[in-house]
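Q: Contents of query_24.txt (compact mmCIF, C-alpha atoms) are given next:
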```txt
# COMPACT_ATOMS: atom_id res chain seq x y z
CA THR A 230 -3.03 -9.00 -14.13
CA GLU A 231 -5.87 -7.37 -16.09
CA LYS A 232 -7.19 -6.02 -12.77
CA SER A 233 -3.83 -4.56 -11.72
CA VAL A 234 -2.04 -1.30 -12.38
CA VAL A 235 0.68 -1.77 -15.00
CA SER A 236 2.99 0.65 -16.78
CA ASN A 237 2.28 1.77 -20.31
CA PRO A 238 5.05 0.26 -22.50
CA GLY A 239 5.08 3.27 -24.80
CA TYR A 240 5.50 5.67 -21.89
CA THR A 241 8.25 3.49 -20.39
CA GLN A 242 10.21 3.63 -23.65
CA LEU A 243 9.70 7.41 -23.88
CA LEU A 244 10.91 7.82 -20.30
CA LYS A 245 14.06 5.80 -21.02
CA ARG A 246 14.85 7.99 -24.02
CA GLN A 247 14.24 11.15 -22.04
CA ILE A 248 16.59 10.01 -19.26
CA VAL A 249 19.35 9.27 -21.76
CA GLU A 250 18.78 12.59 -23.55
CA ALA A 251 18.87 14.48 -20.24
CA VAL A 252 22.19 12.89 -19.24
CA VAL A 253 23.71 13.60 -22.67
CA ALA A 254 22.47 17.21 -22.59
CA ALA A 255 23.82 17.73 -19.07
CA ASP A 256 27.21 16.34 -20.05
CA ALA A 257 27.37 18.58 -23.11
CA ALA A 258 26.46 21.66 -21.06
CA ARG A 259 29.06 21.16 -18.31
CA VAL A 260 30.69 24.34 -17.01
CA ASP A 261 32.80 25.29 -14.00
CA ALA A 262 30.44 25.92 -11.13
CA LYS A 263 30.01 26.83 -7.50
CA LEU A 264 28.03 24.62 -5.19
CA ALA A 265 26.41 24.97 -1.77
CA VAL A 266 24.68 22.41 0.45
CA GLY A 267 22.41 23.13 3.39
CA CYS A 268 19.38 22.04 5.37
CA GLY A 269 16.20 23.88 6.24
CA HIS A 270 13.32 22.89 8.51
CA GLU A 271 9.64 22.45 7.64
CA ASP A 272 7.43 20.69 10.18
CA GLN A 273 3.92 21.88 9.30
CA VAL A 274 3.02 19.89 6.17
CA ALA A 275 4.14 16.27 6.67
CA PHE A 276 2.74 13.80 9.22
CA ASN A 277 3.22 10.16 10.11
CA ARG A 278 0.08 8.34 9.00
CA ARG A 279 0.38 5.33 11.35
CA PHE A 280 -1.12 5.45 14.84
CA ARG A 281 -1.17 3.38 18.00
CA MET A 282 -4.72 2.40 18.81
CA LYS A 283 -6.42 1.49 22.08
CA ASN A 284 -6.76 -2.12 20.89
CA GLY A 285 -2.96 -2.46 20.98
CA LEU A 286 -2.46 -2.47 17.21
CA THR A 287 -1.24 0.14 14.74
CA PHE A 288 -3.54 1.48 12.01
CA THR A 289 -2.79 3.51 8.89
CA HIS A 290 -4.93 6.65 8.53
CA PRO A 291 -7.37 5.89 11.36
CA GLY A 292 -9.15 9.16 10.58
CA ALA A 293 -9.28 12.56 12.25
CA GLY A 294 -11.40 12.57 15.37
CA ASN A 295 -11.10 8.81 15.92
CA PRO A 296 -11.47 8.33 19.70
CA GLU A 297 -9.45 5.11 19.55
CA ILE A 298 -6.21 6.92 18.63
CA VAL A 299 -3.52 6.85 21.31
CA SER A 300 -0.50 8.43 19.61
CA PRO A 301 1.51 8.50 16.35
CA ALA A 302 3.37 5.25 15.73
CA GLY A 303 6.40 6.85 14.12
CA PRO A 304 8.30 10.09 13.58
CA THR A 305 8.60 12.51 10.67
CA ASP A 306 11.70 14.07 9.14
CA PRO A 307 11.25 17.85 8.85
CA GLN A 308 14.65 18.43 7.21
CA VAL A 309 14.59 20.16 3.83
CA GLY A 310 17.84 19.20 2.12
CA VAL A 311 19.01 21.66 -0.51
CA VAL A 312 21.83 21.81 -3.07
CA GLY A 313 22.34 25.01 -5.06
CA VAL A 314 24.56 25.29 -8.14
CA TRP A 315 25.70 28.53 -9.82
CA ASP A 316 28.11 29.38 -12.62
CA LEU A 317 31.25 31.34 -11.80
CA LYS A 318 29.45 34.62 -12.53
CA GLY A 319 26.71 33.81 -10.01
CA GLY A 320 24.07 32.75 -12.53
CA TRP A 321 21.72 29.94 -11.54
CA LEU A 322 22.41 26.49 -12.99
CA GLY A 323 19.89 24.61 -10.86
CA CYS A 324 19.09 23.18 -7.46
CA VAL A 325 18.19 19.92 -5.75
CA VAL A 326 15.58 19.52 -3.00
CA ASN A 327 15.23 16.50 -0.70
CA PHE A 328 12.16 16.12 1.54
CA SER A 329 10.26 13.25 3.17
CA CYS A 330 6.58 13.30 2.20
CA HIS A 331 4.33 11.28 -0.12
CA ALA A 332 3.29 13.07 -3.32
CA THR A 333 -0.40 12.51 -2.62
CA THR A 334 -2.09 15.93 -2.61
CA SER A 335 -3.60 14.75 -5.91
CA PRO A 336 -4.63 17.85 -7.85
CA GLY A 337 -6.77 17.18 -10.91
CA GLY A 338 -5.41 15.50 -14.01
CA ILE A 339 -1.81 14.44 -14.57
CA SER A 340 0.54 16.61 -12.54
CA ALA A 341 3.82 16.80 -10.67
CA ASN A 342 1.75 16.99 -7.46
CA TRP A 343 3.09 19.27 -4.71
CA ILE A 344 6.60 18.93 -6.17
CA GLY A 345 5.39 21.01 -9.11
CA ALA A 346 4.19 23.73 -6.72
CA MET A 347 7.54 23.57 -4.95
CA GLU A 348 9.34 24.08 -8.26
CA GLN A 349 7.07 27.03 -9.12
CA THR A 350 7.80 28.60 -5.73
CA LEU A 351 11.55 28.34 -6.24
CA ARG A 352 11.32 29.75 -9.76
CA ARG A 353 9.28 32.73 -8.58
CA ALA A 354 11.59 33.35 -5.62
CA THR A 355 14.80 33.22 -7.68
CA GLY A 356 13.34 35.08 -10.65
CA GLU A 357 14.50 32.24 -12.91
CA ALA A 358 11.44 31.13 -14.87
CA SER A 359 13.15 27.98 -16.18
CA LEU A 360 15.29 27.11 -13.14
CA PRO A 361 16.01 23.35 -13.21
CA VAL A 362 14.77 21.83 -9.94
CA VAL A 363 15.50 18.18 -9.16
CA PHE A 364 13.40 16.59 -6.41
CA LEU A 365 14.79 13.58 -4.53
CA GLN A 366 12.16 11.97 -2.32
CA GLY A 367 13.35 11.23 1.20
CA ALA A 368 12.32 8.22 3.29
CA CYS A 369 8.54 8.65 3.62
CA GLY A 370 6.87 5.27 3.31
CA ASP A 371 4.73 6.17 6.34
CA VAL A 372 4.62 9.97 5.95
CA THR A 373 2.03 11.99 4.00
CA GLN A 374 0.50 15.47 4.04
CA VAL A 375 -2.56 14.15 5.92
CA ASP A 376 -2.81 15.15 9.59
CA ASN A 377 -4.94 12.51 11.32
CA LEU A 378 -4.99 14.65 14.48
CA THR A 379 -6.42 17.75 12.83
CA LYS A 380 -9.59 19.36 14.18
CA PHE A 381 -10.41 21.00 10.86
CA GLN A 382 -11.53 19.94 7.41
CA ASN A 383 -8.71 19.15 4.99
CA PRO A 384 -8.00 21.63 2.18
CA GLY A 385 -9.09 20.89 -1.36
CA ALA A 386 -6.58 19.07 -3.55
CA GLU A 387 -5.40 22.15 -5.46
CA GLU A 388 -4.97 24.22 -2.29
CA TRP A 389 -3.27 21.34 -0.50
CA CYS A 390 -0.81 21.00 -3.38
CA GLN A 391 0.08 24.69 -3.10
CA ILE A 392 0.37 24.59 0.70
CA VAL A 393 2.84 21.69 0.79
CA GLY A 394 4.82 22.73 -2.28
CA GLY A 395 4.82 26.39 -1.32
CA ARG A 396 6.12 25.81 2.19
CA VAL A 397 8.80 23.30 1.15
CA GLY A 398 9.87 25.52 -1.75
CA SER A 399 9.97 28.61 0.45
CA GLU A 400 12.12 26.85 3.04
CA ALA A 401 14.43 25.60 0.31
CA TYR A 402 14.89 29.16 -0.93
CA ARG A 403 15.46 30.52 2.58
CA THR A 404 18.16 27.90 2.99
CA LEU A 405 19.78 28.77 -0.34
CA LEU A 406 20.04 32.41 0.76
CA LEU A 407 22.21 31.51 3.76
CA ILE A 408 24.51 28.74 2.59
CA ARG A 409 27.88 29.71 1.07
CA ARG A 410 29.16 28.61 -2.31
CA GLY A 411 32.36 26.71 -3.05
CA ALA A 412 34.28 26.45 -6.32
CA SER A 413 34.12 23.21 -8.30
CA THR A 414 37.83 22.54 -7.72
CA ASN A 415 37.00 21.84 -4.07
CA ILE A 416 34.15 19.40 -4.71
CA VAL A 417 34.96 15.71 -4.28
CA LEU A 418 32.83 13.36 -6.42
CA ASP A 419 32.61 9.65 -5.64
CA THR A 420 30.16 6.78 -5.68
CA ARG A 421 29.60 3.31 -4.24
CA GLN A 422 26.94 0.68 -4.79
CA LYS A 423 25.82 -2.70 -3.53
CA VAL A 424 23.55 -5.12 -5.40
CA TRP A 425 22.19 -8.28 -3.77
CA ASN A 426 19.09 -10.47 -3.52
CA VAL A 427 16.45 -10.17 -0.80
CA LYS A 428 13.95 -12.93 -0.09
CA ARG A 429 10.22 -12.39 -0.47
CA ARG A 430 7.71 -13.10 2.31
CA VAL A 431 5.65 -16.13 1.31
CA PRO A 432 1.84 -16.20 1.78
CA ALA A 433 0.56 -19.15 3.78
CA PRO A 434 -0.96 -21.97 1.66
CA ALA A 435 -4.33 -21.62 3.39
CA LYS A 436 -4.35 -17.89 2.59
CA VAL A 437 -3.57 -18.61 -1.06
CA GLN A 438 -6.36 -21.17 -1.29
CA ARG A 439 -8.85 -18.77 0.26
CA ALA A 440 -7.70 -16.02 -2.12
CA LEU A 441 -8.18 -18.29 -5.12
CA GLU A 442 -11.75 -18.91 -4.02
CA LEU A 443 -12.47 -15.21 -3.55
CA VAL A 444 -11.14 -14.06 -6.92
CA GLN A 445 -13.51 -16.44 -8.70
CA LYS A 446 -16.35 -14.23 -7.44
CA GLU A 447 -17.32 -10.70 -8.40
CA PRO A 448 -15.66 -7.89 -6.39
CA LYS A 449 -19.05 -6.46 -5.42
CA GLU A 450 -20.07 -9.84 -4.00
CA VAL A 451 -17.13 -10.20 -1.59
CA GLY A 452 -16.23 -6.53 -1.20
CA GLU A 453 -13.85 -4.49 -3.36
CA THR A 454 -11.10 -4.35 -0.73
CA GLU A 455 -11.21 -8.06 0.13
CA TRP A 456 -11.27 -8.98 -3.56
CA THR A 457 -8.31 -6.69 -4.36
CA PHE A 458 -6.09 -8.11 -1.65
CA ALA A 459 -7.12 -11.66 -2.56
CA LYS A 460 -6.06 -10.88 -6.12
CA GLU A 461 -2.75 -9.57 -4.78
CA THR A 462 -2.20 -12.81 -2.84
CA VAL A 463 -2.76 -14.88 -5.99
CA LEU A 464 -0.31 -12.72 -7.95
CA LEU A 465 2.29 -12.89 -5.17
CA ASP A 466 2.00 -16.67 -4.97
CA ALA A 467 2.80 -16.90 -8.68
CA ALA A 468 5.66 -14.40 -8.36
CA VAL A 469 7.24 -16.24 -5.42
CA LYS A 470 7.19 -19.52 -7.35
CA ALA A 471 8.89 -17.88 -10.32
CA ARG A 472 11.26 -15.54 -8.41
CA PRO A 473 11.57 -16.23 -4.67
CA GLU A 474 14.13 -13.42 -4.34
CA VAL A 475 14.26 -9.83 -5.58
CA GLU A 476 17.41 -8.05 -6.77
CA VAL A 477 17.90 -4.75 -4.96
CA GLU A 478 20.45 -1.96 -5.15
CA VAL A 479 21.65 0.59 -2.61
CA GLN A 480 23.80 3.41 -3.93
CA ALA A 481 25.81 6.17 -2.26
CA VAL A 482 26.76 9.23 -4.33
CA GLN A 483 29.12 11.84 -2.87
CA VAL A 484 29.07 15.49 -3.88
CA GLY A 485 31.59 17.25 -1.64
CA PRO A 486 30.25 17.30 1.93
CA LEU A 487 26.99 15.63 0.81
CA VAL A 488 26.16 11.97 0.34
CA LEU A 489 22.97 10.81 -1.36
CA VAL A 490 22.03 7.29 -0.21
CA SER A 491 19.38 5.57 -2.30
CA ASN A 492 17.15 2.53 -1.94
CA PRO A 493 14.37 1.10 -4.16
CA ALA A 494 11.63 1.09 -1.49
CA GLU A 495 8.83 3.17 -0.09
CA TYR A 496 11.05 3.35 2.96
CA PHE A 497 9.87 4.07 6.52
CA VAL A 498 11.08 7.43 7.81
CA GLN A 499 12.65 5.93 10.95
CA TYR A 500 15.26 4.24 8.78
CA GLY A 501 16.00 7.54 7.04
CA LEU A 502 16.65 9.20 10.39
CA GLU A 503 18.91 6.34 11.47
CA LEU A 504 20.79 6.58 8.17
CA LYS A 505 21.57 10.24 8.87
CA GLN A 506 22.77 9.36 12.37
CA GLY A 507 25.03 6.56 11.12
CA SER A 508 26.63 8.52 8.28
CA LYS A 509 29.84 10.45 8.97
CA PHE A 510 28.93 13.02 6.31
CA PRO A 511 27.79 16.45 7.52
CA PHE A 512 24.93 16.23 4.99
CA THR A 513 23.19 12.92 4.28
CA PHE A 514 20.08 12.85 2.08
CA PRO A 515 18.16 9.54 1.93
CA VAL A 516 16.62 8.94 -1.51
CA GLU A 517 13.85 6.36 -1.84
CA LEU A 518 12.29 4.71 -4.91
CA ALA A 519 15.60 4.87 -6.76
CA ASN A 520 17.05 2.19 -9.09
CA GLY A 521 13.90 0.10 -8.82
CA CYS A 522 10.67 -0.21 -6.85
CA VAL A 523 10.09 -2.99 -4.30
CA GLY A 524 7.05 -1.56 -2.51
CA TYR A 525 6.70 -0.60 1.13
CA VAL A 526 9.57 -1.56 3.42
CA PRO A 527 8.46 -0.97 7.03
CA THR A 528 10.49 -1.22 10.21
CA GLU A 529 10.72 -4.59 11.94
CA GLU A 530 8.65 -3.14 14.80
CA ALA A 531 5.77 -2.59 12.35
CA PHE A 532 5.58 -6.39 11.96
CA SER A 533 5.49 -7.03 15.72
CA ALA A 534 2.42 -7.90 17.76
CA ARG A 535 1.65 -4.20 18.28
CA GLY A 536 2.29 -3.31 14.65
CA GLY A 537 0.09 -3.49 11.58
CA GLY A 538 -1.29 -1.05 9.05
CA TYR A 539 -1.66 -0.87 5.30
CA GLU A 540 2.08 -0.85 4.62
CA THR A 541 2.60 -4.27 6.22
CA ARG A 542 -0.03 -6.02 4.08
CA LEU A 543 1.46 -8.78 1.95
CA THR A 544 0.89 -8.04 -1.74
CA SER A 545 2.57 -8.52 -5.09
CA TYR A 546 3.88 -4.95 -4.61
CA SER A 547 5.14 -5.12 -1.01
CA ASN A 548 6.58 -8.46 0.01
CA LEU A 549 10.27 -8.29 0.98
CA GLU A 550 11.39 -10.17 4.07
CA ILE A 551 10.97 -8.34 7.37
CA THR A 552 14.69 -7.55 7.71
CA ALA A 553 14.91 -5.83 4.30
CA GLY A 554 14.75 -2.31 5.73
CA ARG A 555 17.58 -3.00 8.15
CA GLN A 556 19.60 -4.51 5.28
CA PHE A 557 19.14 -1.32 3.24
CA LEU A 558 20.13 0.79 6.25
CA HIS A 559 23.33 -1.10 7.01
CA ALA A 560 24.34 -1.18 3.34
CA GLY A 561 23.75 2.56 2.98
CA ILE A 562 25.77 3.47 6.08
CA GLU A 563 28.59 1.14 5.04
CA LEU A 564 28.79 2.56 1.52
CA ALA A 565 28.63 6.17 2.70
CA ASN A 566 31.32 5.68 5.28
CA GLN A 567 33.72 4.17 2.75
CA MET A 568 34.11 7.70 1.38
CA ALA A 569 35.69 10.77 2.98
CA PRO A 570 33.44 13.83 3.23
CA GLY A 571 34.58 16.93 1.38
CA ALA A 572 34.96 20.23 3.16
CA ILE A 573 31.93 22.44 3.74
CA PRO A 574 32.38 25.71 1.81
CA LEU A 575 33.08 28.57 4.19
CA PRO A 576 33.09 32.34 3.55
CA PRO A 577 36.42 34.19 3.60
CA PRO A 578 37.69 34.90 7.15
CA ALA A 579 37.00 38.29 8.69
CA PRO A 580 39.79 40.88 8.25
CA PRO A 581 42.19 41.41 11.20
CA TYR A 582 40.84 43.65 13.95
CA ARG A 583 42.10 47.21 13.72
CA ALA A 584 39.83 49.56 15.64
CA PRO A 585 36.22 49.81 16.87
CA TRP A 586 33.61 51.64 14.86
CA SER A 587 34.03 55.26 15.90
CA TYR A 588 30.32 56.05 15.62
CA GLY A 589 29.44 53.46 18.24
CA ASN A 590 32.45 53.52 20.53
CA VAL A 591 31.00 56.07 22.97
CA PRO A 592 29.53 56.00 26.50
CA PRO A 593 25.83 56.69 27.17
CA GLN A 594 24.80 60.28 26.48
CA THR A 595 21.83 61.70 28.41
CA ASP A 596 22.23 65.39 27.63
```
Go ahead and express the file in the form of structure tokens.

A:
Amino acid sequence: TEKSVVSNPGYTQLLKRQIVEAVVAADAARVDAKLAVGCGHEDQVAFNRRFRMKNGLTFTHPGAGNPEIVSPAGPTDPQVGVVGVWDLKGGWLGCVVNFSCHATTSPGGISANWIGAMEQTLRRATGEASLPVVFLQGACGDVTQVDNLTKFQNPGAEEWCQIVGGRVGSEAYRTLLLIRRGASTNIVLDTRQKVWNVKRRVPAPAKVQRALELVQKEPKEVGETEWTFAKETVLLDAAVKARPEVEVEVQAVQVGPLVLVSNPAEYFVQYGLELKQGSKFPFTFPVELANGCVGYVPTEEAFSARGGGYETRLTSYSNLEITAGRQFLHAGIELANQMAPGAIPLPPPAPPYRAPWSYGNVPPQTD
């Protein structure tokens, strides 16, 4: 455990307090509001990182220019989900953005990654310097900003952060300009949840024994990568013996015509797309890494003979049984469809026709 990433207990306690304080402050500041939901499209900054290779397997980040690449092994989700909220005088109260891409542009120091640049873009566009922007990460366990098919050098971290955040933020603002607002009296609020246990995948005894032998040696002696994954096998073996199952939660939250469906995984994008197809709501936003963290949850196909890749590696972080993703999907669709979608806000109808515009109601004039 001393060689593993762990949370800082002091930061965890601070985060808990901040969450409680934010909820209390939001409740105290409640006002009548207008809401609008819509979807934009951004397909230039997020890419599936898993690829079919000529050897019949699937690799994660095989590298730009790799001659062994055949094709991407999965889709992306270019939808930019947006919720805008205004007071009854038209003043901004905040907005929500949902998009499927890892936060891995990695600018220097501690940062909000490209989500921070997205927030800055929205604040500049709206003219609201302190506009509250809530980001809900879509299903993107296999989607990042890295294009493994590019023919050019990748941008630097700071520029990459601005590119991804700027384009997503710009599309969110473009969407907010077009969607119509509905009064709070028309917004249906509801929620559902399901909590159950999912089994862990168990490392083979021979693999555990080999891992125990490797971790007795120095990482430089056996290779940093091999040592790290051997360490992960040892930790998983101990975790399985103590807790062979993991408690998980899927939640569906309705806001009018929108349903937010959460799961605690780094969830493959294919499942997010299937969730949208199976939901009867006109707007369905998948939300991953919510109410817990159970590591990568790939599709079942990723575990097949032609599958593979980093996300399928068995570690103390990612170890749920192969059907876990499908379980999350079915639970999410079931919970969402227990609720009735609210109406999509529409503008007032056009006035009755009376007469054509006199300036334009004329035949062609050539002289």

Q: Using only C-alpha atoms, give me every residue within 10 Å of (-2.1, -10.4, -7.7) in file coordinates, as an MDAnalysis selection string.

A: chainID A and resid 230:233 440 444 457:468 544:546

Q: What does the distance between CA of Ala341 in chain A and CA of Arg353 in chain A come to in Å, to one decimal place?

A: 17.0 Å

Q: Near range 496-509 of chain A, within 10 Å and counting all atoms listed in the file, which residues show up once chain neighbours fewer than 2 positions away are dropped, as a ChimeraX atom specification?

A: /A:277,303-306,308,329-330,367-372,486,488,490,492-494,511-518,523-528,531,540,554-555,557-570

Q: How many Å lie between CA of Val479 in chain A and CA of Trp425 in chain A, rounded to one decimal?

A: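 We find that CA of Val479 in chain A and CA of Trp425 in chain A lie 9.0 Å from each other.
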
Q: At a cut-off of 12 Å, using only C-alpha atoms, what residues contact Glu442 in chain A? Leave out same-chain residues fewer than 3 positions from it and give the result as a JSON list (two decimals) with C-alpha atoms, in the frame of the given file.

A:
```
[["chain", "number", "residue", "atom", "x", "y", "z"],
["A", 435, "ALA", "CA", -4.33, -21.62, 3.39],
["A", 436, "LYS", "CA", -4.35, -17.89, 2.59],
["A", 437, "VAL", "CA", -3.57, -18.61, -1.06],
["A", 438, "GLN", "CA", -6.36, -21.17, -1.29],
["A", 439, "ARG", "CA", -8.85, -18.77, 0.26],
["A", 445, "GLN", "CA", -13.51, -16.44, -8.70],
["A", 446, "LYS", "CA", -16.35, -14.23, -7.44],
["A", 447, "GLU", "CA", -17.32, -10.70, -8.40],
["A", 448, "PRO", "CA", -15.66, -7.89, -6.39],
["A", 451, "VAL", "CA", -17.13, -10.20, -1.59],
["A", 455, "GLU", "CA", -11.21, -8.06, 0.13],
["A", 456, "TRP", "CA", -11.27, -8.98, -3.56],
["A", 459, "ALA", "CA", -7.12, -11.66, -2.56],
["A", 460, "LYS", "CA", -6.06, -10.88, -6.12],
["A", 462, "THR", "CA", -2.20, -12.81, -2.84],
["A", 463, "VAL", "CA", -2.76, -14.88, -5.99]]
```

Q: Could you tell me how far CA of Gln483 in chain A sits from CA of Leu418 in chain A, in Å to one decimal place?

A: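 Separation between CA of Leu418 in chain A and CA of Gln483 in chain A: 5.4 Å.
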
Q: Just checking: using all atoms listed in the file, which residue out of A:Ala386, A:Leu360, A:Ala262, A:Ile408 ends up closest to Gly338 in chain A?

A: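 Closest to Gly338 in chain A of all the choices is A:Ala386.
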
Q: For each of A:Leu489, A:Met282, A:Val266, A:Ala257, take the minimum atom-to-atom distance to Pro296 in chain A, counting only C-alpha atoms, then give the residue where this is smallest.

A: A:Met282

Q: Between A:Leu407, A:Val427, A:Ile339, A:Ala579, single out the one closest to Val469 in chain A, counting all atoms listed in the file.

A: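 The answer is A:Val427, which sits nearest to Val469 in chain A.
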
Q: Looking at A:Ser300, A:Asn383, A:Gln349, A:Ser359, which one is nearest to Gly395 in chain A, with distances taken over only C-alpha atoms?

A: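 Comparing A:Ser300, A:Asn383, A:Gln349, A:Ser359 against Gly395 in chain A, the winner is A:Gln349.
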
Q: So, counting only C-alpha atoms, which residue among A:Asn237, A:Thr289, A:Thr373, A:Ser335 is closest to Phe276 in chain A?

A: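 Result for the nearest residue to Phe276 in chain A: A:Thr373.
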